[in-house]
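A.B. asks: Please find one structure pasted underneath; my questions will follow.
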Amino acid sequence: MADTSAPPVEATRVDPRLLELLVCPLTKEPLEYDAAREELISRSAKLAYPIRDGIPIMLPEEARSLTE
């Protein structure tokens, strides 16, 4: 009997449609997705917002500074 279930979805993958809607909360500019580090990058704010369990944490106080 063939397995007809869908393949598992990668937990840390961000839906491309969601990425199109998300902007940096400080600059309101688009974000870049860094799959290797599981972060959303704001080049203008020089911040990297973490993605935890597939959920972007869009709080500046939780973001990693890119100038470190």
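Residue numbers start at 1 in each chain; chains themselves are named A, B, ... in the order of the structure tokens; ligands are numbered from 1 in the order shown.
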Which residues are near Ser44 in chain A? Cut-off 10 Å, only C-alpha atoms, ignore same chain within fewer than 5 positions. Put them as a list in words.

C.D. replies: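 Skipping anything fewer than 5 positions along the chain leaves Cys24, Leu26, Thr27, Lys28, Glu29, Pro30 and Leu31 of chain A.
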
A.B. asks: Env of range 34-38 of chain A: 12 Å cut, atoms = only C-alpha atoms, seq-sep filter 3 positions within chain, self excluded. Answer as an MDAnalysis selection string.

C.D. replies: chainID A and resid 10:15 19 31 41:43 48:57 63:64

A.B. asks: Those residues you just picked out, can you put them in a file as a PDB file, in the first residue's frame with N, CA, C and O atoms?

C.D. replies:
```pdb
ATOM      1  N   GLU A  10       9.340  21.289   6.880  1.00  0.00           N
ATOM      2  CA  GLU A  10      10.456  21.713   7.712  1.00  0.00           C
ATOM      3  C   GLU A  10       9.949  22.735   8.716  1.00  0.00           C
ATOM      4  O   GLU A  10       9.360  23.751   8.363  1.00  0.00           O
ATOM      5  N   ALA A  11      10.170  22.492  10.010  1.00  0.00           N
ATOM      6  CA  ALA A  11       9.609  23.329  11.071  1.00  0.00           C
ATOM      7  C   ALA A  11      10.131  24.758  11.046  1.00  0.00           C
ATOM      8  O   ALA A  11       9.424  25.687  11.418  1.00  0.00           O
ATOM      9  N   THR A  12      11.354  24.954  10.598  1.00  0.00           N
ATOM     10  CA  THR A  12      11.936  26.289  10.642  1.00  0.00           C
ATOM     11  C   THR A  12      11.745  27.062   9.345  1.00  0.00           C
ATOM     12  O   THR A  12      12.142  28.211   9.252  1.00  0.00           O
ATOM     13  N   ARG A  13      11.145  26.451   8.360  1.00  0.00           N
ATOM     14  CA  ARG A  13      10.939  27.109   7.077  1.00  0.00           C
ATOM     15  C   ARG A  13       9.846  28.165   7.198  1.00  0.00           C
ATOM     16  O   ARG A  13       8.809  27.947   7.800  1.00  0.00           O
ATOM     17  N   VAL A  14      10.097  29.324   6.607  1.00  0.00           N
ATOM     18  CA  VAL A  14       9.131  30.416   6.649  1.00  0.00           C
ATOM     19  C   VAL A  14       8.328  30.400   5.362  1.00  0.00           C
ATOM     20  O   VAL A  14       8.877  30.295   4.273  1.00  0.00           O
ATOM     21  N   ASP A  15       7.024  30.500   5.492  1.00  0.00           N
ATOM     22  CA  ASP A  15       6.134  30.545   4.338  1.00  0.00           C
ATOM     23  C   ASP A  15       6.493  31.768   3.488  1.00  0.00           C
ATOM     24  O   ASP A  15       6.526  32.888   4.004  1.00  0.00           O
ATOM     25  N   LEU A  19       6.656  35.893   4.375  1.00  0.00           N
ATOM     26  CA  LEU A  19       7.856  36.704   4.207  1.00  0.00           C
ATOM     27  C   LEU A  19       7.575  37.958   3.374  1.00  0.00           C
ATOM     28  O   LEU A  19       8.128  39.023   3.632  1.00  0.00           O
ATOM     29  N   LEU A  31      12.417  42.310   4.708  1.00  0.00           N
ATOM     30  CA  LEU A  31      13.415  41.488   5.394  1.00  0.00           C
ATOM     31  C   LEU A  31      13.948  40.410   4.466  1.00  0.00           C
ATOM     32  O   LEU A  31      13.267  39.990   3.536  1.00  0.00           O
ATOM     33  N   ILE A  41      16.602  39.036   8.348  1.00  0.00           N
ATOM     34  CA  ILE A  41      17.609  40.083   8.400  1.00  0.00           C
ATOM     35  C   ILE A  41      17.035  41.420   7.936  1.00  0.00           C
ATOM     36  O   ILE A  41      16.424  41.508   6.878  1.00  0.00           O
ATOM     37  N   SER A  42      17.277  42.445   8.750  1.00  0.00           N
ATOM     38  CA  SER A  42      16.964  43.826   8.371  1.00  0.00           C
ATOM     39  C   SER A  42      18.301  44.522   8.161  1.00  0.00           C
ATOM     40  O   SER A  42      18.999  44.855   9.128  1.00  0.00           O
ATOM     41  N   ARG A  43      18.679  44.706   6.895  1.00  0.00           N
ATOM     42  CA  ARG A  43      19.964  45.355   6.584  1.00  0.00           C
ATOM     43  C   ARG A  43      19.984  46.810   7.052  1.00  0.00           C
ATOM     44  O   ARG A  43      20.986  47.275   7.585  1.00  0.00           O
ATOM     45  N   ALA A  48      19.038  41.089  13.183  1.00  0.00           N
ATOM     46  CA  ALA A  48      18.613  39.771  12.723  1.00  0.00           C
ATOM     47  C   ALA A  48      17.570  39.255  13.719  1.00  0.00           C
ATOM     48  O   ALA A  48      17.879  39.022  14.889  1.00  0.00           O
ATOM     49  N   TYR A  49      16.339  39.118  13.231  1.00  0.00           N
ATOM     50  CA  TYR A  49      15.244  38.648  14.076  1.00  0.00           C
ATOM     51  C   TYR A  49      15.211  37.123  14.049  1.00  0.00           C
ATOM     52  O   TYR A  49      15.200  36.518  12.975  1.00  0.00           O
ATOM     53  N   PRO A  50      15.181  36.477  15.219  1.00  0.00           N
ATOM     54  CA  PRO A  50      15.202  35.010  15.249  1.00  0.00           C
ATOM     55  C   PRO A  50      13.873  34.398  14.817  1.00  0.00           C
ATOM     56  O   PRO A  50      12.819  35.038  14.909  1.00  0.00           O
ATOM     57  N   ILE A  51      13.958  33.171  14.351  1.00  0.00           N
ATOM     58  CA  ILE A  51      12.771  32.375  14.041  1.00  0.00           C
ATOM     59  C   ILE A  51      12.810  31.177  14.985  1.00  0.00           C
ATOM     60  O   ILE A  51      13.758  30.396  14.968  1.00  0.00           O
ATOM     61  N   ARG A  52      11.810  31.059  15.836  1.00  0.00           N
ATOM     62  CA  ARG A  52      11.758  29.976  16.819  1.00  0.00           C
ATOM     63  C   ARG A  52      10.533  29.109  16.549  1.00  0.00           C
ATOM     64  O   ARG A  52       9.419  29.615  16.515  1.00  0.00           O
ATOM     65  N   ASP A  53      10.784  27.836  16.343  1.00  0.00           N
ATOM     66  CA  ASP A  53       9.701  26.881  16.052  1.00  0.00           C
ATOM     67  C   ASP A  53       8.852  27.356  14.873  1.00  0.00           C
ATOM     68  O   ASP A  53       7.638  27.204  14.872  1.00  0.00           O
ATOM     69  N   GLY A  54       9.507  27.963  13.878  1.00  0.00           N
ATOM     70  CA  GLY A  54       8.818  28.410  12.682  1.00  0.00           C
ATOM     71  C   GLY A  54       8.105  29.741  12.822  1.00  0.00           C
ATOM     72  O   GLY A  54       7.446  30.192  11.896  1.00  0.00           O
ATOM     73  N   ILE A  55       8.257  30.392  13.987  1.00  0.00           N
ATOM     74  CA  ILE A  55       7.566  31.662  14.238  1.00  0.00           C
ATOM     75  C   ILE A  55       8.585  32.795  14.311  1.00  0.00           C
ATOM     76  O   ILE A  55       9.478  32.775  15.162  1.00  0.00           O
ATOM     77  N   PRO A  56       8.484  33.790  13.427  1.00  0.00           N
ATOM     78  CA  PRO A  56       9.394  34.932  13.497  1.00  0.00           C
ATOM     79  C   PRO A  56       9.128  35.757  14.761  1.00  0.00           C
ATOM     80  O   PRO A  56       7.989  36.089  15.071  1.00  0.00           O
ATOM     81  N   ILE A  57      10.186  36.055  15.493  1.00  0.00           N
ATOM     82  CA  ILE A  57      10.088  36.873  16.701  1.00  0.00           C
ATOM     83  C   ILE A  57      10.488  38.293  16.299  1.00  0.00           C
ATOM     84  O   ILE A  57      11.658  38.618  16.180  1.00  0.00           O
ATOM     85  N   ALA A  63      16.175  40.729  18.889  1.00  0.00           N
ATOM     86  CA  ALA A  63      16.997  40.639  17.673  1.00  0.00           C
ATOM     87  C   ALA A  63      18.487  40.674  18.017  1.00  0.00           C
ATOM     88  O   ALA A  63      18.904  41.264  19.013  1.00  0.00           O
ATOM     89  N   ARG A  64      19.258  40.053  17.149  1.00  0.00           N
ATOM     90  CA  ARG A  64      20.713  40.046  17.251  1.00  0.00           C
ATOM     91  C   ARG A  64      21.234  41.203  16.411  1.00  0.00           C
ATOM     92  O   ARG A  64      20.800  41.419  15.281  1.00  0.00           O
TER      93      ARG A  64
END
```

A.B. asks: In Å, rounded to a single decimal, give me how far CA of Pro25 in chain A is from CA of Thr67 in chain A.

C.D. replies: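 Separating CA of Thr67 in chain A from CA of Pro25 in chain A is a distance of 18.2 Å.
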
A.B. asks: Please return as a list in words: the residues of chain A that backbone DSSP assigns to strand (DSSP E or B).

C.D. replies: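 Of chain A, only Val23, Pro30, Glu32, Tyr33, Asp34, Glu39, Leu40, Ile41, Ser42, Leu47, Ala48, Tyr49, Pro50, Ile51, Arg52, Ile55, Pro56, Arg64 and Ser65 of chain A fall in strand (DSSP E or B).
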
A.B. asks: Could you pull out all residues of chain A with a DSSP call of helix (DSSP H, G or I) and give them as an mmCIF file with C-alpha atoms, in the first residue's frame?

C.D. replies:
```cif
data_model
loop_
_atom_site.group_PDB
_atom_site.id
_atom_site.type_symbol
_atom_site.label_atom_id
_atom_site.label_comp_id
_atom_site.auth_asym_id
_atom_site.auth_seq_id
_atom_site.Cartn_x
_atom_site.Cartn_y
_atom_site.Cartn_z
ATOM 1 C CA PRO A 16 7.140 32.719 1.340
ATOM 2 C CA ARG A 17 3.745 34.457 1.467
ATOM 3 C CA LEU A 18 4.384 35.438 5.085
ATOM 4 C CA LEU A 19 7.856 36.704 4.207
ATOM 5 C CA GLU A 20 6.317 39.003 1.583
ATOM 6 C CA LEU A 21 4.157 40.605 4.286
ATOM 7 C CA PRO A 60 13.797 44.496 18.464
ATOM 8 C CA GLU A 61 14.896 43.525 21.979
ATOM 9 C CA GLU A 62 15.030 39.852 20.854
#
```
